[in-house]
file final_12.cif (mmCIF, C-alpha atoms)
data_start
#
loop_
_atom_site.label_atom_id
_atom_site.label_comp_id
_atom_site.auth_asym_id
_atom_site.auth_seq_id
_atom_site.Cartn_x
_atom_site.Cartn_y
_atom_site.Cartn_z
CA MET A 1 -150.27 40.64 36.18
CA ALA A 2 -150.03 40.84 32.38
CA LYS A 3 -147.67 38.54 30.51
CA SER A 4 -144.69 40.08 28.76
CA ALA A 5 -144.19 39.59 25.03
CA PHE A 6 -141.58 36.95 25.89
CA GLY A 7 -144.03 35.10 28.12
CA LYS A 8 -146.74 35.18 25.46
CA LEU A 9 -144.32 33.87 22.81
CA LYS A 10 -143.16 31.08 25.10
CA ALA A 11 -146.80 30.13 25.82
CA VAL A 12 -147.64 30.02 22.11
CA GLU A 13 -144.49 27.99 21.44
CA THR A 14 -145.35 25.47 24.14
CA SER A 15 -148.96 25.04 23.06
CA ALA A 16 -147.95 24.70 19.40
CA ALA A 17 -145.41 22.00 20.23
CA ALA A 18 -147.96 20.18 22.39
CA THR A 19 -150.51 20.07 19.56
CA VAL A 20 -148.01 18.85 16.97
CA GLY A 21 -146.49 16.18 19.17
CA ASP A 22 -142.73 15.99 19.33
CA ALA A 23 -142.21 18.41 16.45
CA PRO A 24 -139.86 21.30 17.30
CA PRO A 25 -141.46 24.74 17.64
CA ALA A 26 -141.47 26.95 14.55
CA VAL A 27 -139.83 29.82 16.43
CA ARG A 28 -136.53 29.27 18.23
CA MET A 29 -135.79 31.42 21.24
CA VAL A 30 -132.67 33.61 21.06
CA ASN A 31 -131.21 31.96 24.16
CA ASP A 32 -131.69 28.46 22.78
CA THR A 33 -128.34 26.72 23.38
CA LYS A 34 -128.79 23.78 21.00
CA LYS A 35 -126.16 23.74 18.24
CA GLN A 36 -125.29 21.48 15.37
CA ALA A 37 -122.53 19.08 16.37
CA SER A 38 -120.17 20.62 13.79
CA ARG A 39 -120.55 24.06 15.43
CA VAL A 40 -119.82 23.11 19.03
CA GLY A 41 -116.68 24.85 20.30
CA ARG A 42 -116.53 27.25 17.34
CA LYS A 43 -117.12 30.98 16.99
CA THR A 44 -119.02 32.81 14.26
CA VAL A 45 -117.16 35.19 11.94
CA ILE A 46 -119.20 37.36 9.58
CA PHE A 47 -118.04 39.77 6.90
CA TYR A 48 -119.72 41.64 4.07
CA ASP A 49 -118.59 41.71 0.45
CA LEU A 50 -119.86 42.69 -2.96
CA PRO A 51 -122.54 40.43 -4.47
CA GLU A 52 -120.21 39.68 -7.39
CA ALA A 53 -117.48 38.45 -5.04
CA VAL A 54 -119.93 36.25 -3.13
CA ARG A 55 -121.20 34.83 -6.42
CA GLU A 56 -117.63 33.99 -7.48
CA LEU A 57 -116.95 32.37 -4.10
CA LYS A 58 -120.05 30.19 -4.50
CA ARG A 59 -119.02 29.34 -8.06
CA LEU A 60 -115.54 28.39 -6.83
CA GLY A 61 -117.14 26.10 -4.26
CA VAL A 62 -119.12 24.36 -6.99
CA ASP A 63 -116.10 24.14 -9.30
CA GLN A 64 -113.91 22.67 -6.53
CA ASP A 65 -116.72 20.55 -5.03
CA ARG A 66 -116.11 22.17 -1.63
CA THR A 67 -118.25 24.06 0.85
CA ILE A 68 -117.96 27.78 1.51
CA GLN A 69 -116.97 26.80 5.07
CA ASP A 70 -114.05 24.77 3.75
CA LEU A 71 -112.94 27.51 1.35
CA MET A 72 -113.06 30.16 4.07
CA GLN A 73 -111.04 27.99 6.46
CA GLU A 74 -108.40 27.65 3.75
CA ALA A 75 -108.45 31.41 3.18
CA VAL A 76 -108.02 32.13 6.92
CA ASP A 77 -105.10 29.68 7.10
CA ASP A 78 -103.46 31.29 4.05
CA LEU A 79 -103.88 34.74 5.63
CA LEU A 80 -102.40 33.58 8.94
CA VAL A 81 -99.37 32.04 7.18
CA LYS A 82 -98.92 35.21 5.12
CA TYR A 83 -98.52 37.21 8.33
CA GLY A 84 -96.25 34.67 10.02
CA LYS A 85 -98.88 33.06 12.25
CA HIS A 86 -99.69 29.41 12.87
CA ALA A 87 -102.20 27.85 10.43
CA PHE A 88 -104.79 25.52 11.94
CA GLY A 89 -105.13 23.19 8.96
CA LYS A 90 -107.90 20.59 8.95
CA ARG A 91 -110.49 21.35 11.60
#

call {"tool": "encode", "arguments": {"input": "final_12.cif", "output": "structure tokens"}}
result
Amino acid sequence: MAKSAFGKLKAVETSAAATVGDAPPAVRMVNDTKKQASRVGRKTVIFYDLPEAVRELKRLGVDQDRTIQDLMQEAVDDLLVKYGKHAFGKR
């Protein structure tokens, strides 16, 4: 029985990790459930904007010494308050 592409990838991943020691594999599987501690219990929200707007958002982050994550949480809270909803504040 021939191995599927998934099986071959998993075999390569396992052998690569075994040769490097405890180093994590270079390729993460899609169903890998490990998350950064700051992302546990949170959902991803993605939106697209013009490059100029993204550049200004990054510049604002530098000017305010804040992360894009922090700025976007503030923006979501402001939008919720604008429409009469409960803001979540510090997360």

call {"tool": "atom_distance", "arguments": {"input": "final_12.cif", "atom1": "atom CA of A:Glu52", "atom2": "atom CA of A:Asp77"}}
result
23.2 Å

call {"tool": "atom_distance", "arguments": {"input": "final_12.cif", "atom1": "atom CA of A:Leu71", "atom2": "atom CA of A:Lys43"}}
result
16.6 Å

call {"tool": "atom_distance", "arguments": {"input": "final_12.cif", "atom1": "atom CA of A:Glu56", "atom2": "atom CA of A:Phe88"}}
result
24.8 Å

call {"tool": "resolve_selection", "arguments": {"input": "final_12.cif", "expression": "the PyMOL selection byres ((chain A and resi 70) around 12)", "output": "PyMOL selection string"}}
result
chain A and resi 57-58+60-62+64-69+71-77+89-91
